[in-house]
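What follows is one structure encoded as structure tokens, with my remarks underneath.
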Amino acid sequence: MSNKLIPGTRLHFHDSPVFKEYPVMADTGYELVLEYLQRLYELTWYCVKVKYRRTLAIRLDLHFPDSNIPNPKGSDNQVLADFWDSLKAKLAARQKNFSNASDLDYAWAREQYESVNPHYHLLILVDANVFRGVGRLNSQRRTIFKMVEEAWASALGIEAEDVCGLVERCKTPSVVIHKDDGEKFAE
């Protein structure tokens with residue numbers, strides 16, 4: 001394993017298929033950053049082992065409307081800060097009977113290759129005793145997925161119905177991790 005310094009930074013590449021005994025996607029052609037892996041591990045460990053008895057981990061991607069037209073809000077990460085503020089407010093409004101409903105932990109990565117606009121990879125960590133899952137696509141209920149779509153539309157300054165397809169669910173969009181379930185934590 002070699003952790004080479006990334007030129008011009010204090011960050012290091014991580015090229016091993018394992019990080020702290022857990023498998024990572026080191027063979028995908030993408031370079032992983034050691035310090036980011038460490039922070040992601042610490043955040044996830046804290047939520048799973050300390051903060052909640054059961055943690056709902058949600059993986060989603062956020063895209064801009066047209067990858068060929070520069071989005072004025074895509075030039076910096078302010079759009080993502082606006083998204084998180086909107087999502088926290090929506091979660092708090094939906095679950096006002098739960099004191100920790102808007103207590104949201106998250107990690108994100110901005111990615112941009114050949115497209116004009118970046119896209120974002122999100123990991124959202126919430127109390128699984130408050131939220132049961134991400135929700136079904138096209139549901140009329142106030143699911144987390146629906147609130148994410150609305151928050152992304154708000155951050156972009158577009159109508160909620162225009163955000164269809166801009167919030168992408170992963171193959172397995174969510175998993176509940178119990179405090180003592182080391183196998184699920186590894187996922």
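For the structure tokens, the naming scheme is as follows: chains receive sequential letters (A, B, ...) according to their order of presentation, residues are indexed from 1 within each chain, and ligands are indexed from 1 in presentation order.
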
Can you list, as an MDAnalysis selection string, every protein, DNA or RNA residue that comes within 12 Å of Val176 in chain A when you count only C-alpha atoms, leaving out same-chain residues fewer than 6 positions away? chainID A and resid 47:48 52:59 124:134 182:185 187

Keeping N, CA, C and O atoms, export the residues of the selection given above as an mmCIF file, in the first residue's frame.
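In the end it all went to selection24.cif:
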```cif
data_model
loop_
_atom_site.group_PDB
_atom_site.id
_atom_site.type_symbol
_atom_site.label_atom_id
_atom_site.label_comp_id
_atom_site.auth_asym_id
_atom_site.auth_seq_id
_atom_site.Cartn_x
_atom_site.Cartn_y
_atom_site.Cartn_z
ATOM 1 N N CYS A 47 -22.216 7.697 14.236
ATOM 2 C CA CYS A 47 -23.672 7.548 14.107
ATOM 3 C C CYS A 47 -24.118 6.139 14.490
ATOM 4 O O CYS A 47 -25.099 5.966 15.204
ATOM 5 N N VAL A 48 -23.383 5.137 14.017
ATOM 6 C CA VAL A 48 -23.774 3.741 14.238
ATOM 7 C C VAL A 48 -23.482 3.286 15.666
ATOM 8 O O VAL A 48 -24.304 2.623 16.294
ATOM 9 N N TYR A 52 -26.983 6.640 17.488
ATOM 10 C CA TYR A 52 -28.269 5.970 17.304
ATOM 11 C C TYR A 52 -28.151 4.486 17.628
ATOM 12 O O TYR A 52 -27.112 3.883 17.457
ATOM 13 N N ARG A 53 -29.275 3.912 18.053
ATOM 14 C CA ARG A 53 -29.330 2.462 18.218
ATOM 15 C C ARG A 53 -29.419 1.792 16.852
ATOM 16 O O ARG A 53 -28.843 0.745 16.625
ATOM 17 N N ARG A 54 -30.159 2.446 15.942
ATOM 18 C CA ARG A 54 -30.273 1.968 14.555
ATOM 19 C C ARG A 54 -30.101 3.186 13.640
ATOM 20 O O ARG A 54 -30.770 4.186 13.819
ATOM 21 N N THR A 55 -29.197 3.071 12.683
ATOM 22 C CA THR A 55 -28.896 4.176 11.770
ATOM 23 C C THR A 55 -29.399 3.828 10.379
ATOM 24 O O THR A 55 -29.129 2.739 9.869
ATOM 25 N N LEU A 56 -30.122 4.756 9.763
ATOM 26 C CA LEU A 56 -30.525 4.612 8.373
ATOM 27 C C LEU A 56 -29.498 5.359 7.529
ATOM 28 O O LEU A 56 -29.332 6.572 7.660
ATOM 29 N N ALA A 57 -28.775 4.608 6.699
ATOM 30 C CA ALA A 57 -27.782 5.189 5.793
ATOM 31 C C ALA A 57 -28.393 5.233 4.395
ATOM 32 O O ALA A 57 -28.857 4.219 3.879
ATOM 33 N N ILE A 58 -28.398 6.419 3.788
ATOM 34 C CA ILE A 58 -29.028 6.641 2.480
ATOM 35 C C ILE A 58 -27.972 7.161 1.505
ATOM 36 O O ILE A 58 -27.239 8.094 1.824
ATOM 37 N N ARG A 59 -27.897 6.547 0.323
ATOM 38 C CA ARG A 59 -26.951 6.970 -0.719
ATOM 39 C C ARG A 59 -27.719 7.473 -1.933
ATOM 40 O O ARG A 59 -28.526 6.756 -2.509
ATOM 41 N N ILE A 124 -26.420 10.145 3.578
ATOM 42 C CA ILE A 124 -27.237 10.772 4.608
ATOM 43 C C ILE A 124 -27.439 9.745 5.714
ATOM 44 O O ILE A 124 -27.815 8.606 5.455
ATOM 45 N N LEU A 125 -27.177 10.157 6.952
ATOM 46 C CA LEU A 125 -27.302 9.269 8.108
ATOM 47 C C LEU A 125 -28.318 9.858 9.076
ATOM 48 O O LEU A 125 -28.150 10.988 9.549
ATOM 49 N N VAL A 126 -29.393 9.102 9.339
ATOM 50 C CA VAL A 126 -30.456 9.561 10.237
ATOM 51 C C VAL A 126 -30.851 8.418 11.178
ATOM 52 O O VAL A 126 -30.478 7.262 10.977
ATOM 53 N N ASP A 127 -31.641 8.755 12.171
ATOM 54 C CA ASP A 127 -32.130 7.786 13.151
ATOM 55 C C ASP A 127 -33.169 6.874 12.490
ATOM 56 O O ASP A 127 -34.225 7.343 12.048
ATOM 57 N N ALA A 128 -32.879 5.590 12.416
ATOM 58 C CA ALA A 128 -33.800 4.633 11.785
ATOM 59 C C ALA A 128 -35.040 4.384 12.631
ATOM 60 O O ALA A 128 -36.002 3.785 12.148
ATOM 61 N N ASN A 129 -35.053 4.838 13.879
ATOM 62 C CA ASN A 129 -36.259 4.737 14.690
ATOM 63 C C ASN A 129 -37.237 5.874 14.369
ATOM 64 O O ASN A 129 -38.396 5.807 14.740
ATOM 65 N N VAL A 130 -36.758 6.903 13.691
ATOM 66 C CA VAL A 130 -37.606 8.015 13.276
ATOM 67 C C VAL A 130 -37.992 7.855 11.810
ATOM 68 O O VAL A 130 -39.137 8.052 11.431
ATOM 69 N N PHE A 131 -37.018 7.492 10.972
ATOM 70 C CA PHE A 131 -37.241 7.324 9.536
ATOM 71 C C PHE A 131 -37.050 5.856 9.172
ATOM 72 O O PHE A 131 -36.016 5.272 9.472
ATOM 73 N N ARG A 132 -38.039 5.273 8.521
ATOM 74 C CA ARG A 132 -38.021 3.839 8.219
ATOM 75 C C ARG A 132 -37.291 3.485 6.931
ATOM 76 O O ARG A 132 -36.862 2.369 6.747
ATOM 77 N N GLY A 133 -37.192 4.424 6.010
ATOM 78 C CA GLY A 133 -36.547 4.144 4.736
ATOM 79 C C GLY A 133 -36.536 5.386 3.873
ATOM 80 O O GLY A 133 -37.054 6.433 4.263
ATOM 81 N N VAL A 134 -35.975 5.273 2.696
ATOM 82 C CA VAL A 134 -35.854 6.416 1.797
ATOM 83 C C VAL A 134 -37.187 6.739 1.119
ATOM 84 O O VAL A 134 -37.446 7.878 0.776
ATOM 85 N N GLY A 182 -21.741 -5.532 12.827
ATOM 86 C CA GLY A 182 -20.491 -5.196 12.149
ATOM 87 C C GLY A 182 -20.529 -5.473 10.652
ATOM 88 O O GLY A 182 -19.895 -4.775 9.864
ATOM 89 N N GLU A 183 -21.304 -6.474 10.227
ATOM 90 C CA GLU A 183 -21.383 -6.822 8.800
ATOM 91 C C GLU A 183 -22.057 -5.709 8.012
ATOM 92 O O GLU A 183 -21.604 -5.314 6.940
ATOM 93 N N LYS A 184 -23.165 -5.158 8.516
ATOM 94 C CA LYS A 184 -23.858 -4.057 7.836
ATOM 95 C C LYS A 184 -22.994 -2.800 7.842
ATOM 96 O O LYS A 184 -22.998 -2.025 6.902
ATOM 97 N N PHE A 185 -22.235 -2.598 8.921
ATOM 98 C CA PHE A 185 -21.345 -1.436 8.998
ATOM 99 C C PHE A 185 -20.310 -1.498 7.879
ATOM 100 O O PHE A 185 -19.968 -0.495 7.269
ATOM 101 N N GLU A 187 -20.713 -2.692 4.931
ATOM 102 C CA GLU A 187 -21.331 -2.352 3.645
ATOM 103 C C GLU A 187 -21.241 -0.874 3.399
ATOM 104 O O GLU A 187 -21.176 -0.391 2.323
#
```

List the neighbours of range 146-158 of chain A out to 7 Å using only C-alpha atoms; skip same-chain residues closer than 6 positions along the sequence, and give me the result as a CSV table (one decimal) with C-alpha atoms, in the first residue's frame.
```csv
chain,number,residue,atom,x,y,z
A,73,LYS,CA,-25.2,27.9,-9.1
A,79,VAL,CA,-25.9,25.3,-4.0
A,82,ASP,CA,-28.6,25.7,0.3
A,83,PHE,CA,-29.8,22.1,-0.3
A,86,SER,CA,-33.7,23.2,2.9
A,87,LEU,CA,-33.6,19.5,3.7
A,90,LYS,CA,-38.2,19.9,5.6
A,167,VAL,CA,-32.0,13.0,-7.8
```

Give me the residues within 8 Å of Leu32 in chain A as number ranges by chain, counting only C-alpha atoms and dropping any in the same chain fewer than 4 places off. A: 13-15, 26, 36-37

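When CA of His119 in chain A is paired with CA of Ser16 in chain A, their separation reads 25.4 Å.
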
Taking the DSSP secondary structure from the backbone, can you list the residues of range 8-59 of chain A that are helix (DSSP H, G or I), as a PyMOL selection string? chain A and resi 34-51

Just to be explicit: take each residue in the selection above, keep N, CA and C atoms, and write the result as a PDB file, in the first residue's frame.
```pdb
ATOM      1  N   LEU A  34      -7.163   9.429   1.339  1.00  0.00           N
ATOM      2  CA  LEU A  34      -7.038   8.822   2.663  1.00  0.00           C
ATOM      3  C   LEU A  34      -7.751   9.643   3.737  1.00  0.00           C
ATOM      4  N   GLU A  35      -7.546  10.933   3.758  1.00  0.00           N
ATOM      5  CA  GLU A  35      -8.141  11.782   4.795  1.00  0.00           C
ATOM      6  C   GLU A  35      -9.664  11.817   4.688  1.00  0.00           C
ATOM      7  N   TYR A  36     -10.202  11.740   3.465  1.00  0.00           N
ATOM      8  CA  TYR A  36     -11.650  11.699   3.292  1.00  0.00           C
ATOM      9  C   TYR A  36     -12.215  10.368   3.764  1.00  0.00           C
ATOM     10  N   LEU A  37     -11.509   9.279   3.487  1.00  0.00           N
ATOM     11  CA  LEU A  37     -11.936   7.966   3.978  1.00  0.00           C
ATOM     12  C   LEU A  37     -11.957   7.952   5.507  1.00  0.00           C
ATOM     13  N   GLN A  38     -10.942   8.535   6.132  1.00  0.00           N
ATOM     14  CA  GLN A  38     -10.861   8.584   7.587  1.00  0.00           C
ATOM     15  C   GLN A  38     -12.044   9.355   8.161  1.00  0.00           C
ATOM     16  N   ARG A  39     -12.356  10.510   7.589  1.00  0.00           N
ATOM     17  CA  ARG A  39     -13.468  11.328   8.084  1.00  0.00           C
ATOM     18  C   ARG A  39     -14.811  10.615   7.890  1.00  0.00           C
ATOM     19  N   LEU A  40     -14.980   9.959   6.745  1.00  0.00           N
ATOM     20  CA  LEU A  40     -16.203   9.212   6.480  1.00  0.00           C
ATOM     21  C   LEU A  40     -16.356   8.057   7.472  1.00  0.00           C
ATOM     22  N   TYR A  41     -15.259   7.372   7.751  1.00  0.00           N
ATOM     23  CA  TYR A  41     -15.266   6.282   8.734  1.00  0.00           C
ATOM     24  C   TYR A  41     -15.668   6.818  10.113  1.00  0.00           C
ATOM     25  N   GLU A  42     -15.074   7.928  10.533  1.00  0.00           N
ATOM     26  CA  GLU A  42     -15.364   8.492  11.855  1.00  0.00           C
ATOM     27  C   GLU A  42     -16.828   8.916  11.972  1.00  0.00           C
ATOM     28  N   LEU A  43     -17.354   9.565  10.950  1.00  0.00           N
ATOM     29  CA  LEU A  43     -18.746   9.997  10.963  1.00  0.00           C
ATOM     30  C   LEU A  43     -19.692   8.808  11.040  1.00  0.00           C
ATOM     31  N   THR A  44     -19.466   7.817  10.192  1.00  0.00           N
ATOM     32  CA  THR A  44     -20.327   6.636  10.173  1.00  0.00           C
ATOM     33  C   THR A  44     -20.230   5.874  11.484  1.00  0.00           C
ATOM     34  N   TRP A  45     -19.021   5.686  11.981  1.00  0.00           N
ATOM     35  CA  TRP A  45     -18.818   4.970  13.249  1.00  0.00           C
ATOM     36  C   TRP A  45     -19.552   5.694  14.373  1.00  0.00           C
ATOM     37  N   TYR A  46     -19.439   7.019  14.425  1.00  0.00           N
ATOM     38  CA  TYR A  46     -20.106   7.786  15.469  1.00  0.00           C
ATOM     39  C   TYR A  46     -21.624   7.598  15.417  1.00  0.00           C
ATOM     40  N   CYS A  47     -22.216   7.697  14.236  1.00  0.00           N
ATOM     41  CA  CYS A  47     -23.672   7.548  14.107  1.00  0.00           C
ATOM     42  C   CYS A  47     -24.118   6.139  14.490  1.00  0.00           C
ATOM     43  N   VAL A  48     -23.383   5.137  14.017  1.00  0.00           N
ATOM     44  CA  VAL A  48     -23.774   3.741  14.238  1.00  0.00           C
ATOM     45  C   VAL A  48     -23.482   3.286  15.666  1.00  0.00           C
ATOM     46  N   LYS A  49     -22.345   3.629  16.204  1.00  0.00           N
ATOM     47  CA  LYS A  49     -21.925   3.088  17.503  1.00  0.00           C
ATOM     48  C   LYS A  49     -22.265   3.967  18.693  1.00  0.00           C
ATOM     49  N   VAL A  50     -22.466   5.272  18.484  1.00  0.00           N
ATOM     50  CA  VAL A  50     -22.671   6.179  19.604  1.00  0.00           C
ATOM     51  C   VAL A  50     -24.036   6.874  19.550  1.00  0.00           C
ATOM     52  N   LYS A  51     -24.359   7.475  18.437  1.00  0.00           N
ATOM     53  CA  LYS A  51     -25.498   8.378  18.357  1.00  0.00           C
ATOM     54  C   LYS A  51     -26.857   7.678  18.311  1.00  0.00           C
TER      55      LYS A  51
END
```

Determine, counting only C-alpha atoms, which protein, DNA and RNA residues have an atom within 8 Å of an atom of Lys88 in chain A; residues of the same chain fewer than 4 positions away are not included. Present the result as number ranges by chain. A: 84, 92, 102-104

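If you measure from each of A:Pro7, A:Leu91, A:Gly135, A:Val33 to Phe19 in chain A using only C-alpha atoms, the closest one turns out to be A:Val33.
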
Can you tell me, as a PyMOL selection string, what residues are no more than 10 Å from Leu62 in chain A when counting only C-alpha atoms, ignoring any on the same chain fewer than 3 positions away? chain A and resi 65+80+110+118-122+148-149+152+163+165-169

The residue from A:Lys4, A:Lys179, A:Lys171, A:Arg142 with the smallest atom-to-atom distance to Arg94 in chain A, counting only C-alpha atoms, is A:Arg142

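DSSP, applied to the backbone of this structure, assigns strand (DSSP E) to the following residues of range 20-155 of chain A: Tyr22, Pro23, Leu32, Val33, Arg54, Thr55, Leu56, Ala57, Ile58, Arg59, Leu60, Asp61, Leu62, Asp105, Tyr106, Ala107, Trp108, Ala109, Arg110, Glu111, His119, Tyr120, His121, Leu122, Leu123, Ile124, Leu125, Val126 and Asp127 of chain A.
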
Taking C-alpha atoms for each residue, export the selection above as an mmCIF file, in the first residue's frame.
```cif
data_model
loop_
_atom_site.group_PDB
_atom_site.id
_atom_site.type_symbol
_atom_site.label_atom_id
_atom_site.label_comp_id
_atom_site.auth_asym_id
_atom_site.auth_seq_id
_atom_site.Cartn_x
_atom_site.Cartn_y
_atom_site.Cartn_z
ATOM 1 C CA TYR A 22 -13.279 -2.697 5.484
ATOM 2 C CA PRO A 23 -13.326 -3.102 1.678
ATOM 3 C CA LEU A 32 -9.517 7.684 -3.147
ATOM 4 C CA VAL A 33 -8.287 10.255 -0.637
ATOM 5 C CA ARG A 54 -30.273 1.968 14.555
ATOM 6 C CA THR A 55 -28.896 4.176 11.770
ATOM 7 C CA LEU A 56 -30.525 4.612 8.373
ATOM 8 C CA ALA A 57 -27.782 5.189 5.793
ATOM 9 C CA ILE A 58 -29.028 6.641 2.480
ATOM 10 C CA ARG A 59 -26.951 6.970 -0.719
ATOM 11 C CA LEU A 60 -28.149 9.361 -3.439
ATOM 12 C CA ASP A 61 -26.643 11.451 -6.241
ATOM 13 C CA LEU A 62 -27.652 15.005 -7.166
ATOM 14 C CA ASP A 105 -25.434 13.758 9.545
ATOM 15 C CA TYR A 106 -24.062 13.572 6.056
ATOM 16 C CA ALA A 107 -21.037 13.307 3.830
ATOM 17 C CA TRP A 108 -20.743 14.388 0.233
ATOM 18 C CA ALA A 109 -18.327 14.434 -2.655
ATOM 19 C CA ARG A 110 -18.380 16.713 -5.667
ATOM 20 C CA GLU A 111 -17.427 15.041 -8.917
ATOM 21 C CA HIS A 119 -22.703 16.292 -9.636
ATOM 22 C CA TYR A 120 -22.748 15.305 -5.978
ATOM 23 C CA HIS A 121 -22.586 11.924 -4.231
ATOM 24 C CA LEU A 122 -24.390 11.979 -0.874
ATOM 25 C CA LEU A 123 -24.452 9.796 2.210
ATOM 26 C CA ILE A 124 -27.237 10.772 4.608
ATOM 27 C CA LEU A 125 -27.302 9.269 8.108
ATOM 28 C CA VAL A 126 -30.456 9.561 10.237
ATOM 29 C CA ASP A 127 -32.130 7.786 13.151
#
```
